[in-house]
>>> print(open('my_file.csv').read())   # CSV, C-alpha atoms
chain,number,residue,atom,x,y,z
A,1,MET,CA,111.9,131.4,67.9
A,2,THR,CA,111.1,128.3,69.9
A,3,ASP,CA,108.6,130.1,72.2
A,4,ALA,CA,106.5,131.0,69.1
A,5,VAL,CA,105.9,127.3,68.6
A,6,GLU,CA,103.1,125.9,70.8
A,7,VAL,CA,103.3,122.3,72.0
A,8,ARG,CA,99.9,120.8,73.0
A,9,PRO,CA,97.6,117.8,72.6
A,10,ILE,CA,95.9,117.9,69.2
A,11,SER,CA,92.1,117.9,68.7
A,12,ALA,CA,90.2,115.4,66.6
A,13,SER,CA,89.8,118.1,63.9
A,14,GLU,CA,93.6,118.6,63.7
A,15,PHE,CA,94.3,114.9,63.1
A,16,GLN,CA,94.7,115.2,59.3
A,17,ASP,CA,97.2,118.0,59.6
A,18,TRP,CA,99.0,116.0,62.3
A,19,GLN,CA,99.2,113.0,60.0
A,20,ARG,CA,100.5,115.1,57.2
A,21,ALA,CA,103.3,116.3,59.4
A,22,LEU,CA,104.0,112.7,60.6
A,23,ALA,CA,104.3,111.5,57.0
A,24,THR,CA,106.6,114.4,56.1
A,25,GLY,CA,108.8,113.7,59.0
A,26,PHE,CA,109.2,110.1,58.0
A,27,LEU,CA,109.8,111.0,54.3
A,28,GLN,CA,106.5,109.4,53.2
A,29,ARG,CA,103.8,110.6,50.9
A,30,PRO,CA,102.3,113.6,52.7
A,31,THR,CA,98.7,113.1,51.6
A,32,LEU,CA,96.8,110.0,52.7
A,33,SER,CA,93.7,108.6,51.1
A,34,ALA,CA,90.4,108.9,52.9
A,35,GLU,CA,90.4,105.2,53.6
A,36,GLN,CA,93.9,105.4,55.1
A,37,LEU,CA,93.0,108.4,57.2
A,38,ASP,CA,89.9,106.8,58.5
A,39,ALA,CA,91.9,103.7,59.5
A,40,ARG,CA,94.5,105.8,61.3
A,41,ARG,CA,91.9,107.7,63.2
A,42,ARG,CA,91.6,104.5,65.3
A,43,GLN,CA,94.8,105.6,67.0
A,44,PHE,CA,93.4,108.9,68.1
A,45,VAL,CA,93.1,109.1,71.9
A,46,ALA,CA,92.4,112.6,73.3
A,47,GLY,CA,95.4,113.9,75.2
A,48,ARG,CA,97.9,111.2,73.9
A,49,LEU,CA,98.7,112.8,70.5
A,50,LEU,CA,100.9,115.9,70.9
A,51,GLY,CA,101.7,118.4,68.1
A,52,ALA,CA,104.0,121.4,67.8
A,53,PHE,CA,102.3,124.2,66.0
A,54,ASP,CA,103.9,127.1,64.3
A,55,GLY,CA,100.9,129.3,63.8
A,56,SER,CA,98.3,126.9,62.4
A,57,ARG,CA,100.8,124.5,60.9
A,58,CYS,CA,101.8,121.3,62.6
A,59,VAL,CA,105.6,120.9,62.6
A,60,ALA,CA,106.2,118.1,65.0
A,61,THR,CA,104.3,115.0,66.1
A,62,PHE,CA,104.4,112.7,69.2
A,63,ARG,CA,102.0,109.9,70.2
A,64,SER,CA,101.8,107.6,73.2
A,65,PHE,CA,99.5,104.9,74.2
A,66,ASP,CA,98.8,102.4,77.0
A,67,GLN,CA,100.9,99.2,76.9
A,68,GLU,CA,101.9,96.3,79.2
A,69,LEU,CA,105.5,95.1,79.3
A,70,THR,CA,106.4,91.6,80.6
A,71,VAL,CA,109.3,91.6,83.1
A,72,VAL,CA,111.6,88.8,84.3
A,73,GLY,CA,109.4,86.2,86.0
A,74,GLY,CA,106.2,86.8,83.9
A,75,ALA,CA,104.6,89.8,85.7
A,76,THR,CA,103.6,92.8,83.7
A,77,VAL,CA,103.9,96.5,84.4
A,78,PRO,CA,102.0,99.4,82.9
A,79,ALA,CA,104.0,101.2,80.2
A,80,ASP,CA,103.7,104.5,78.3
A,81,ALA,CA,104.5,103.4,74.7
A,82,VAL,CA,106.0,106.2,72.7
A,83,SER,CA,105.6,106.3,68.9
A,84,ASN,CA,105.2,108.6,65.8
A,85,VAL,CA,107.9,111.0,66.9
A,86,THR,CA,108.9,113.4,64.2
A,87,VAL,CA,110.1,117.0,63.7
A,88,THR,CA,109.6,118.7,60.3
A,89,PRO,CA,113.0,119.4,58.7
A,90,THR,CA,112.4,123.2,58.8
A,91,HIS,CA,112.0,123.1,62.6
A,92,ARG,CA,114.8,120.8,63.8
A,93,ARG,CA,117.2,121.8,66.6
A,94,ARG,CA,114.6,124.0,68.4
A,95,GLY,CA,113.9,121.8,71.4
A,96,LEU,CA,110.5,120.6,70.2
A,97,LEU,CA,111.2,116.9,70.9
A,98,THR,CA,112.4,117.8,74.3
A,99,ARG,CA,109.2,119.7,75.1
A,100,MET,CA,107.0,117.0,73.8
A,101,MET,CA,108.9,114.2,75.6
A,102,SER,CA,109.0,116.1,78.9
A,103,GLN,CA,105.3,116.7,78.7
A,104,ASP,CA,104.5,113.1,77.9
A,105,LEU,CA,106.8,111.5,80.5
A,106,ALA,CA,105.5,113.8,83.2
A,107,ALA,CA,101.9,112.7,82.3
A,108,ALA,CA,103.0,109.1,82.3
A,109,LYS,CA,104.6,109.5,85.8
A,110,GLU,CA,101.4,111.1,87.0
A,111,ARG,CA,99.2,108.2,85.6
A,112,GLY,CA,101.3,105.7,87.5
A,113,ASP,CA,103.1,104.1,84.5
A,114,VAL,CA,106.2,102.2,85.7
A,115,VAL,CA,108.1,102.6,82.5
A,116,ALA,CA,108.0,104.3,79.1
A,117,THR,CA,109.0,102.3,76.0
A,118,LEU,CA,109.9,103.0,72.4
A,119,ILE,CA,111.6,101.6,69.3
A,120,ALA,CA,114.5,104.0,68.5
A,121,ALA,CA,114.9,104.8,64.8
A,122,GLU,CA,118.2,106.4,65.6
A,123,TYR,CA,120.5,105.4,68.4
A,124,PRO,CA,121.8,108.8,69.8
A,125,ILE,CA,118.4,110.5,70.3
A,126,TYR,CA,116.7,109.0,73.4
A,127,GLY,CA,119.5,108.4,75.9
A,128,ARG,CA,119.3,112.1,76.8
A,129,TYR,CA,115.8,111.5,78.0
A,130,GLY,CA,116.7,108.6,80.3
A,131,PHE,CA,115.9,105.7,77.9
A,132,GLY,CA,118.3,102.8,77.6
A,133,PRO,CA,118.4,99.9,75.2
A,134,ALA,CA,116.8,97.0,77.1
A,135,THR,CA,116.4,94.2,74.5
A,136,THR,CA,118.4,93.1,71.5
A,137,LEU,CA,117.1,92.3,68.0
A,138,THR,CA,118.6,89.5,65.9
A,139,GLU,CA,117.7,88.6,62.4
A,140,TRP,CA,118.8,85.3,60.7
A,141,THR,CA,118.8,84.3,57.0
A,142,VAL,CA,118.5,80.6,56.5
A,143,GLU,CA,120.0,79.2,53.3
A,144,VAL,CA,117.7,76.2,52.9
A,145,SER,CA,120.2,74.1,50.9
A,146,ARG,CA,122.7,74.5,53.8
A,147,ALA,CA,120.3,73.7,56.6
A,148,GLY,CA,120.6,69.9,56.4
A,149,LEU,CA,116.9,69.3,56.4
A,150,ASP,CA,115.3,66.3,54.6
A,151,LYS,CA,113.8,67.6,51.4
A,152,ARG,CA,111.1,65.0,51.7
A,153,TRP,CA,109.9,66.6,55.0
A,154,SER,CA,106.1,67.3,54.8
A,155,ARG,CA,104.8,67.3,58.4
A,156,PRO,CA,105.9,67.5,62.0
A,157,GLU,CA,107.4,64.3,63.4
A,158,ASP,CA,105.7,64.7,66.8
A,159,GLY,CA,102.2,63.9,65.5
A,160,GLY,CA,101.2,67.6,65.2
A,161,ARG,CA,100.2,69.4,62.0
A,162,ILE,CA,100.6,72.6,60.1
A,163,ASP,CA,97.5,74.3,58.7
A,164,LEU,CA,97.4,77.3,56.4
A,165,VAL,CA,94.6,79.6,57.6
A,166,ASP,CA,93.2,83.1,56.8
A,167,GLY,CA,93.1,86.4,58.6
A,168,GLU,CA,89.8,85.6,60.3
A,169,ASP,CA,91.2,82.5,61.9
A,170,ILE,CA,94.2,84.4,63.1
A,171,ARG,CA,92.0,87.0,64.7
A,172,LYS,CA,90.1,84.3,66.5
A,173,LEU,CA,93.1,82.1,67.6
A,174,GLY,CA,95.9,84.7,67.8
A,175,PRO,CA,95.1,86.9,70.8
A,176,ASP,CA,94.8,84.1,73.4
A,177,LEU,CA,97.8,82.3,72.1
A,178,TYR,CA,99.9,85.4,72.1
A,179,GLU,CA,98.8,86.2,75.7
A,180,ARG,CA,100.2,82.9,76.8
A,181,PHE,CA,103.4,83.5,74.9
A,182,ARG,CA,104.0,87.0,76.2
A,183,ARG,CA,103.5,86.1,79.8
A,184,ARG,CA,106.6,83.9,79.6
A,185,THR,CA,108.7,86.3,77.5
A,186,PRO,CA,110.4,89.2,79.3
A,187,GLY,CA,110.5,92.2,77.0
A,188,ALA,CA,107.3,91.2,75.1
A,189,VAL,CA,104.6,93.9,75.0
A,190,SER,CA,100.8,93.7,74.8
A,191,ARG,CA,99.0,93.6,71.4
A,192,SER,CA,95.7,95.4,71.0
A,193,ASP,CA,92.7,94.5,68.8
A,194,LEU,CA,94.0,97.1,66.4
A,195,TRP,CA,97.3,95.3,66.1
A,196,TRP,CA,95.5,92.1,64.9
A,197,GLN,CA,93.2,94.0,62.5
A,198,LEU,CA,96.2,95.7,60.9
A,199,ARG,CA,98.2,92.5,60.4
A,200,THR,CA,95.2,90.7,58.9
A,201,GLY,CA,94.0,93.5,56.6
A,202,VAL,CA,90.7,94.5,58.3
A,203,LEU,CA,92.3,97.9,58.6
A,204,ARG,CA,94.9,99.2,56.2
A,205,PHE,CA,97.3,102.1,57.0
A,206,ASP,CA,99.1,101.7,53.7
A,207,GLU,CA,97.9,101.3,50.2
A,208,GLU,CA,100.7,98.8,49.5
A,209,TRP,CA,99.5,96.3,52.1
A,210,LYS,CA,99.9,92.8,50.8
A,211,GLU,CA,98.1,89.8,52.3
A,212,PRO,CA,100.6,87.4,53.9
A,213,TYR,CA,100.3,83.7,54.4
A,214,PHE,CA,99.3,82.5,57.8
A,215,ALA,CA,100.4,79.1,59.2
A,216,VAL,CA,99.2,77.5,62.5
A,217,TYR,CA,100.8,74.6,64.4
A,218,ARG,CA,98.5,72.2,66.2
A,219,SER,CA,99.9,69.6,68.6
A,220,ALA,CA,99.0,65.9,68.4
A,221,ALA,CA,96.2,66.7,70.9
A,222,GLY,CA,94.8,69.4,68.6
A,223,GLU,CA,95.9,72.4,70.7
A,224,VAL,CA,97.1,75.5,68.9
A,225,GLU,CA,100.6,76.1,70.1
A,226,GLY,CA,102.2,78.3,67.5
A,227,MET,CA,101.6,80.5,64.4
A,228,ALA,CA,103.4,82.5,61.8
A,229,SER,CA,102.9,85.2,59.2
A,230,TYR,CA,105.1,85.3,56.2
A,231,GLU,CA,105.4,86.5,52.6
A,232,SER,CA,107.4,85.3,49.6
A,233,ASP,CA,108.8,87.0,46.5
A,234,ASP,CA,108.9,85.6,43.0
A,235,ASN,CA,112.5,85.3,41.8
A,236,TRP,CA,113.3,82.9,38.9
A,237,GLN,CA,116.7,82.9,37.2
A,238,GLY,CA,117.5,80.7,34.3
A,239,LYS,CA,114.4,78.6,34.8
A,240,GLN,CA,115.4,78.0,38.5
A,241,PRO,CA,113.5,79.3,41.5
A,242,TYR,CA,115.4,81.5,44.1
A,243,ASP,CA,112.4,82.6,46.1
A,244,THR,CA,112.7,84.0,49.7
A,245,ALA,CA,110.2,83.5,52.4
A,246,GLU,CA,110.2,86.6,54.7
A,247,VAL,CA,108.7,86.1,58.2
A,248,ASP,CA,106.7,89.0,59.6
A,249,TRP,CA,106.1,87.3,63.0
A,250,LEU,CA,106.4,83.8,64.4
A,251,PHE,CA,105.9,82.6,67.9
A,252,GLY,CA,105.1,79.4,69.8
A,253,THR,CA,104.3,78.4,73.3
A,254,THR,CA,106.4,75.2,73.0
A,255,PRO,CA,109.7,74.4,71.3
A,256,ALA,CA,107.9,71.8,69.3
A,257,ALA,CA,105.7,74.4,67.8
A,258,GLU,CA,108.5,76.7,66.8
A,259,ARG,CA,110.6,73.9,65.4
A,260,ALA,CA,107.7,72.6,63.2
A,261,LEU,CA,107.0,76.1,61.9
A,262,TRP,CA,110.6,76.8,61.0
A,263,HIS,CA,110.9,73.4,59.3
A,264,TYR,CA,107.7,74.0,57.4
A,265,LEU,CA,109.0,77.4,56.1
A,266,CYS,CA,112.2,75.7,54.9
A,267,SER,CA,110.3,72.9,53.2
A,268,ILE,CA,108.1,75.0,50.9
A,269,ASP,CA,108.8,74.3,47.2
A,270,TRP,CA,110.7,77.1,45.4
A,271,ILE,CA,111.8,78.7,48.7
A,272,THR,CA,115.7,78.7,48.8
A,273,ARG,CA,116.1,81.3,51.6
A,274,VAL,CA,114.1,82.2,54.7
A,275,LYS,CA,114.5,85.5,56.5
A,276,SER,CA,113.6,85.2,60.1
A,277,GLY,CA,112.3,88.6,60.9
A,278,ARG,CA,112.8,90.1,64.4
A,279,ARG,CA,114.1,87.4,66.8
A,280,SER,CA,115.7,87.2,70.2
A,281,PRO,CA,119.5,86.8,70.4
A,282,ASP,CA,118.8,83.7,72.4
A,283,ASP,CA,116.5,82.3,69.7
A,284,LEU,CA,116.8,78.5,69.0
A,285,LEU,CA,116.2,78.8,65.3
A,286,PRO,CA,119.8,77.8,64.2
A,287,HIS,CA,119.7,74.8,66.5
A,288,TYR,CA,116.4,73.6,65.1
A,289,LEU,CA,118.4,72.9,61.9
A,290,PRO,CA,120.5,69.8,61.5
A,291,ASP,CA,123.3,72.2,60.4
A,292,PRO,CA,123.1,75.5,62.5
A,293,ARG,CA,125.6,77.1,60.1
A,294,GLY,CA,122.8,77.2,57.5
A,295,ALA,CA,121.4,80.2,59.5
A,296,ARG,CA,123.6,83.3,59.5
A,297,ILE,CA,123.0,86.5,61.5
A,298,THR,CA,122.2,89.4,59.1
A,299,THR,CA,121.2,92.0,61.8
A,300,GLN,CA,122.0,92.4,65.4
A,301,ALA,CA,121.2,95.6,67.1
A,302,ASP,CA,119.4,97.4,70.0
A,303,TRP,CA,115.6,97.1,69.8
A,304,LEU,CA,113.2,98.0,72.7
A,305,TRP,CA,114.3,101.0,74.7
A,306,VAL,CA,113.0,101.5,78.2
A,307,ARG,CA,112.7,104.6,80.4
A,308,ILE,CA,112.1,103.7,84.1
A,309,LEU,CA,109.6,106.1,85.8
A,310,ASP,CA,109.3,104.2,89.1
A,311,VAL,CA,112.5,102.5,90.4
A,312,VAL,CA,110.8,100.9,93.4
A,313,ARG,CA,107.9,99.3,91.4
A,314,ALA,CA,110.2,98.3,88.5
A,315,LEU,CA,112.7,96.4,90.7
A,316,GLU,CA,110.0,94.8,92.9
A,317,ALA,CA,108.0,93.6,89.8
A,318,ARG,CA,110.6,91.2,88.5
A,319,THR,CA,112.0,88.0,90.0
A,320,TYR,CA,115.5,87.1,91.0
A,321,ASP,CA,117.3,83.7,90.8
A,322,ARG,CA,119.4,84.3,93.9
A,323,ALA,CA,119.4,86.2,97.2
A,324,GLY,CA,121.2,89.4,97.6
A,325,SER,CA,121.2,93.0,98.8
A,326,LEU,CA,122.2,96.0,96.8
A,327,VAL,CA,122.2,99.8,97.4
A,328,LEU,CA,121.9,101.7,94.2
A,329,GLU,CA,122.5,105.4,93.5
A,330,VAL,CA,120.3,106.2,90.5
A,331,VAL,CA,121.0,109.4,88.7
A,332,ASP,CA,118.1,110.9,86.7
A,333,ARG,CA,118.8,114.2,85.1
A,334,GLN,CA,115.1,114.7,84.3
A,335,GLY,CA,114.3,114.4,88.0
A,336,LEU,CA,111.6,111.8,87.5
A,337,ALA,CA,112.9,108.7,89.2
A,338,GLY,CA,116.3,109.2,90.7
A,339,GLY,CA,117.5,108.6,94.2
A,340,ARG,CA,119.2,106.1,96.4
A,341,PHE,CA,117.5,102.7,96.8
A,342,ARG,CA,118.1,99.5,98.8
A,343,LEU,CA,117.1,96.3,96.9
A,344,ASP,CA,116.7,93.1,99.0
A,345,ALA,CA,115.9,90.3,96.7
A,346,SER,CA,115.6,86.5,96.7
A,347,PRO,CA,113.7,83.8,94.7
A,348,ASP,CA,110.8,84.4,97.1
A,349,GLY,CA,110.4,88.1,96.2
A,350,ALA,CA,111.9,91.5,96.4
A,351,SER,CA,111.7,94.7,98.4
A,352,CYS,CA,113.0,98.0,97.2
A,353,VAL,CA,112.9,101.1,99.4
A,354,PRO,CA,114.5,104.6,99.4
A,355,THR,CA,117.5,104.7,101.8
A,356,THR,CA,120.3,106.8,103.1
A,357,ASP,CA,122.8,103.9,103.3
A,358,THR,CA,126.1,104.1,101.5
A,359,PRO,CA,125.6,103.1,97.9
A,360,ASP,CA,127.3,100.0,96.4
A,361,ILE,CA,127.1,101.2,92.8
A,362,ALA,CA,126.0,104.4,91.0
A,363,LEU,CA,124.5,104.4,87.6
A,364,GLY,CA,122.2,106.5,85.4
A,365,ILE,CA,118.5,105.8,84.9
A,366,ALA,CA,119.2,104.7,81.3
A,367,GLU,CA,121.8,102.2,82.5
A,368,LEU,CA,119.4,100.8,85.0
A,369,ALA,CA,116.9,100.2,82.2
A,370,SER,CA,119.5,98.3,80.2
A,371,VAL,CA,120.1,95.8,83.1
A,372,TRP,CA,116.6,95.7,84.5
A,373,LEU,CA,115.3,93.0,82.0
A,374,GLY,CA,118.6,91.1,82.1
A,375,ASP,CA,119.8,92.0,78.6
A,376,GLN,CA,122.9,94.0,79.6
A,377,SER,CA,125.6,93.2,82.2
A,378,VAL,CA,126.3,95.5,85.1
A,379,ALA,CA,129.9,94.2,85.1
A,380,ARG,CA,130.2,95.1,81.4
A,381,LEU,CA,128.8,98.6,81.9
A,382,HIS,CA,131.3,99.0,84.7
A,383,VAL,CA,134.2,98.2,82.4
A,384,LEU,CA,132.8,100.8,79.9
A,385,GLY,CA,132.7,103.4,82.7
A,386,ARG,CA,128.9,103.7,82.7
A,387,VAL,CA,128.5,102.1,86.2
A,388,ARG,CA,130.6,103.3,89.1
A,389,GLU,CA,131.6,101.0,91.9
A,390,GLU,CA,131.3,102.7,95.3
A,391,ARG,CA,132.4,99.4,96.9
A,392,VAL,CA,135.0,97.1,95.4
A,393,GLY,CA,133.4,94.0,93.8
A,394,ALA,CA,129.9,95.5,93.9
A,395,ALA,CA,129.5,95.5,90.1
A,396,ARG,CA,130.0,91.8,89.8
A,397,GLU,CA,127.6,91.2,92.8
A,398,ALA,CA,125.0,93.4,91.1
A,399,ASP,CA,125.5,91.6,87.8
A,400,ALA,CA,124.9,88.2,89.4
A,401,LEU,CA,121.7,89.5,91.2
A,402,LEU,CA,120.2,91.3,88.2
A,403,ARG,CA,121.0,88.8,85.5
A,404,ALA,CA,118.3,86.5,84.1
A,405,SER,CA,118.4,82.9,82.8
A,406,GLY,CA,117.6,84.1,79.3
A,407,ARG,CA,117.7,87.4,77.4
A,408,PRO,CA,114.6,89.4,76.9
A,409,TRP,CA,112.8,89.7,73.6
A,410,CYS,CA,110.4,92.2,72.1
A,411,PRO,CA,109.0,90.8,68.9
A,412,ASP,CA,107.0,93.9,67.9
A,413,ILE,CA,107.6,97.3,66.4
A,414,PHE,CA,105.3,100.2,67.4
>>> encode(input="my_file.csv", output="structure tokens")
Amino acid sequence: MTDAVEVRPISASEFQDWQRALATGFLQRPTLSAEQLDARRRQFVAGRLLGAFDGSRCVATFRSFDQELTVVGGATVPADAVSNVTVTPTHRRRGLLTRMMSQDLAAAKERGDVVATLIAAEYPIYGRYGFGPATTLTEWTVEVSRAGLDKRWSRPEDGGRIDLVDGEDIRKLGPDLYERFRRRTPGAVSRSDLWWQLRTGVLRFDEEWKEPYFAVYRSAAGEVEGMASYESDDNWQGKQPYDTAEVDWLFGTTPAAERALWHYLCSIDWITRVKSGRRSPDDLLPHYLPDPRGARITTQADWLWVRILDVVRALEARTYDRAGSLVLEVVDRQGLAGGRFRLDASPDGASCVPTTDTPDIALGIAELASVWLGDQSVARLHVLGRVREERVGAAREADALLRASGRPWCPDIF
């Protein structure tokens, strides 16, 4: 039955059928408007959209695109970003995802991508392909009345200012500011021109798109150092407002910018609750409030998943806060990046080479991805039985070497 289904890159003429299969797999309206379809054609790149075809009908979808991922220390590595993965309900459990994933990862390895990335809709799926959860998502809800802020607050105390702007301003100011932000944020990924156009309404994938509010923070010197996109509902009960401001994205290149933006959101008349959107587990949001208990965690879960395709380049790309040597036995069931490697690292740089030396620890390629950006602990994985010590005490030594000063954060979904 499986052999009768062909997996291959789609042609431009098959894009509409591929989109219908994608919508069906995600339980969305199968038929798109002409405007939506034209907007989504911007994602078409020959060879990067795969489809599974049962006869002439597309029954599974898969898309990848070029991306950059920031690693510990601020360097970036080329990534194969995986998205739009679906299998039509009538064709599940036939190995179609495995065939599409294997084809895409082999092509990414051939291109020289260091890693593949994705946002996993369901936890159990991608570990079997060598992906491991590499960043954590945390969402807060701020009860404004509990935050302890002065209700008379109207502007930043540092001499800066908050301005409300439109989408055109965001497209002008956002890309350069975000580049500065992501270069100092391990786990952050690049944003294309298409990303900014979709978030400001130039292109619309969905008919229900609602224009958000955009706020920009400028320092006392007039420099743009932060911006946010947010929406609000309209919830009145008994002649009292109980509106919620929901943040789509917010970032700053300075703590002052982030503090001012959060204080602004909590100061808007009628807003009684602020939902933070996707944040780092290390986020300072609660501590920007006089009463941190005014912010409670409403979601904490895995977010960006990473699949390492080149162990040497991945380990050499990041920085290390201390000196140390480690021999790793990396197990990769797909045969793309496994082997035994010696890592010699220090604050001055790192060298990673294949070796025949006796290993200190053994771990799977997915576990290596989980510790590579510093989010997970080698020692913790050892306790869980997912890292094996070949030398007593090596797990704690590896933990100390691979840990970072802060946890990585990917603010985006793709």
>>> closest_residue(input="my_file.csv", among="A:Asp248, A:Asp283, A:Asp206, A:Glu179", to="Gly74 (chain A)", atoms="all atoms listed in the file")
A:Glu179
>>> closest_residue(input="my_file.csv", among="A:Leu22, A:Ala221, A:Ala256, A:Leu173", to="Leu284 (chain A)", atoms="all atoms listed in the file")
A:Ala256
>>> closest_residue(input="my_file.csv", among="A:Leu309, A:Ala295, A:Ala52, A:Gln300", to="Ala108 (chain A)", atoms="only C-alpha atoms")
A:Leu309
>>> closest_residue(input="my_file.csv", among="A:Tyr264, A:Phe251, A:Tyr123, A:Tyr129", to="Ile365 (chain A)", atoms="all atoms listed in the file")
A:Tyr129
>>> closest_residue(input="my_file.csv", among="A:Gln28, A:Gln376, A:Cys266, A:Gly148", to="Asp291 (chain A)", atoms="all atoms listed in the file")
A:Gly148
>>> residues_around(input="my_file.csv", residues="region 330-341 of chain A", least_positions_apart="3", cutoff="7 Å", atoms="only C-alpha atoms", output="VMD selection string")
chain A and resid 130 309 to 311 327 352 to 356 362 to 365
>>> atom_distance(input="my_file.csv", atom1="CA of Leu37 (chain A)", atom2="CA of Leu304 (chain A)")
27.5 Å
>>> closest_residue(input="my_file.csv", among="A:Ala12, A:Cys58, A:Thr70, A:Arg204", to="Phe44 (chain A)", atoms="all atoms listed in the file")
A:Ala12
>>> closest_atom_pairs(input="my_file.csv", of="region 6-106 of chain A", to="region 182-201 of chain A", cutoff="10 Å", atoms="all atoms listed in the file", output="JSON lines")
{"residue": "A:Ala39", "atom": "CA", "partner": "A:Leu198", "partner_atom": "CA", "distance": 9.2}
{"residue": "A:Arg42", "atom": "CA", "partner": "A:Leu194", "partner_atom": "CA", "distance": 7.9}
{"residue": "A:Gln43", "atom": "CA", "partner": "A:Leu194", "partner_atom": "CA", "distance": 8.6}
{"residue": "A:Asp66", "atom": "CA", "partner": "A:Ser190", "partner_atom": "CA", "distance": 9.2}
{"residue": "A:Gln67", "atom": "CA", "partner": "A:Ser190", "partner_atom": "CA", "distance": 5.9}
{"residue": "A:Glu68", "atom": "CA", "partner": "A:Ser190", "partner_atom": "CA", "distance": 5.2}
{"residue": "A:Leu69", "atom": "CA", "partner": "A:Val189", "partner_atom": "CA", "distance": 4.6}
{"residue": "A:Thr70", "atom": "CA", "partner": "A:Pro186", "partner_atom": "CA", "distance": 4.8}
{"residue": "A:Val71", "atom": "CA", "partner": "A:Pro186", "partner_atom": "CA", "distance": 4.6}
{"residue": "A:Val72", "atom": "CA", "partner": "A:Pro186", "partner_atom": "CA", "distance": 5.2}
{"residue": "A:Gly73", "atom": "CA", "partner": "A:Arg184", "partner_atom": "CA", "distance": 7.4}
{"residue": "A:Gly74", "atom": "CA", "partner": "A:Arg183", "partner_atom": "CA", "distance": 5.0}
{"residue": "A:Ala75", "atom": "CA", "partner": "A:Arg183", "partner_atom": "CA", "distance": 7.1}
{"residue": "A:Thr76", "atom": "CA", "partner": "A:Arg183", "partner_atom": "CA", "distance": 7.8}
{"residue": "A:Val77", "atom": "CA", "partner": "A:Val189", "partner_atom": "CA", "distance": 9.8}
{"residue": "A:Pro78", "atom": "CA", "partner": "A:Val189", "partner_atom": "CA", "distance": 10.0}
{"residue": "A:Ala79", "atom": "CA", "partner": "A:Val189", "partner_atom": "CA", "distance": 9.0}
{"residue": "A:Ala81", "atom": "CA", "partner": "A:Val189", "partner_atom": "CA", "distance": 9.5}
>>> atom_distance(input="my_file.csv", atom1="CA of Leu401 (chain A)", atom2="CA of Gly127 (chain A)")
24.4 Å
>>> residues_around(input="my_file.csv", residues="region 152-154 of chain A", least_positions_apart="6", cutoff="9 Å", atoms="all atoms listed in the file", output="PyMOL selection string")
chain A and resi 263-264+267-268
>>> residues_around(input="my_file.csv", residues="Phe414 (chain A)", least_positions_apart="4", cutoff="9 Å", atoms="all atoms listed in the file", output="list of chain:residue names")
A:Ala81, A:Val82, A:Ser83, A:Asn84, A:Leu118, A:Ile119
>>> atom_distance(input="my_file.csv", atom1="CA of Glu246 (chain A)", atom2="CA of Arg273 (chain A)")
8.5 Å
>>> decode(input="my_file.csv", residues="region 38-73 of chain A", atoms="C-alpha atoms", output="compact mmCIF listing (two decimals), in the first residue's frame")
# COMPACT_ATOMS: atom_id res chain seq x y z
CA ASP A 38 -1.71 34.10 -3.88
CA ALA A 39 -0.22 35.19 -0.55
CA ARG A 40 0.81 31.67 0.36
CA ARG A 41 2.49 31.15 -2.99
CA ARG A 42 5.25 33.38 -1.60
CA GLN A 43 6.33 30.30 0.40
CA PHE A 44 6.85 28.18 -2.69
CA VAL A 45 10.51 27.31 -3.28
CA ALA A 46 11.19 24.63 -5.87
CA GLY A 47 12.41 21.44 -4.24
CA ARG A 48 11.57 22.50 -0.65
CA LEU A 49 7.87 21.57 -0.62
CA LEU A 50 7.31 17.83 -0.55
CA GLY A 51 4.04 16.03 -1.14
CA ALA A 52 2.89 12.44 -0.94
CA PHE A 53 0.60 11.54 -3.84
CA ASP A 54 -1.87 8.68 -4.00
CA GLY A 55 -2.56 8.81 -7.69
CA SER A 56 -3.16 12.49 -8.44
CA ARG A 57 -4.30 13.36 -4.91
CA CYS A 58 -1.93 14.97 -2.41
CA VAL A 59 -2.28 13.12 0.91
CA ALA A 60 0.68 14.47 2.93
CA THR A 61 2.63 17.74 3.06
CA PHE A 62 6.08 18.87 4.18
CA ARG A 63 7.91 22.18 3.74
CA SER A 64 11.37 23.35 4.70
CA PHE A 65 13.14 26.65 4.22
CA ASP A 66 16.47 28.33 4.93
CA GLN A 67 16.91 29.75 8.41
CA GLU A 68 19.67 30.97 10.72
CA LEU A 69 19.78 29.90 14.36
CA THR A 70 21.69 31.85 17.02
CA VAL A 71 23.85 29.71 19.31
CA VAL A 72 25.48 30.36 22.67
CA GLY A 73 27.89 33.26 22.24
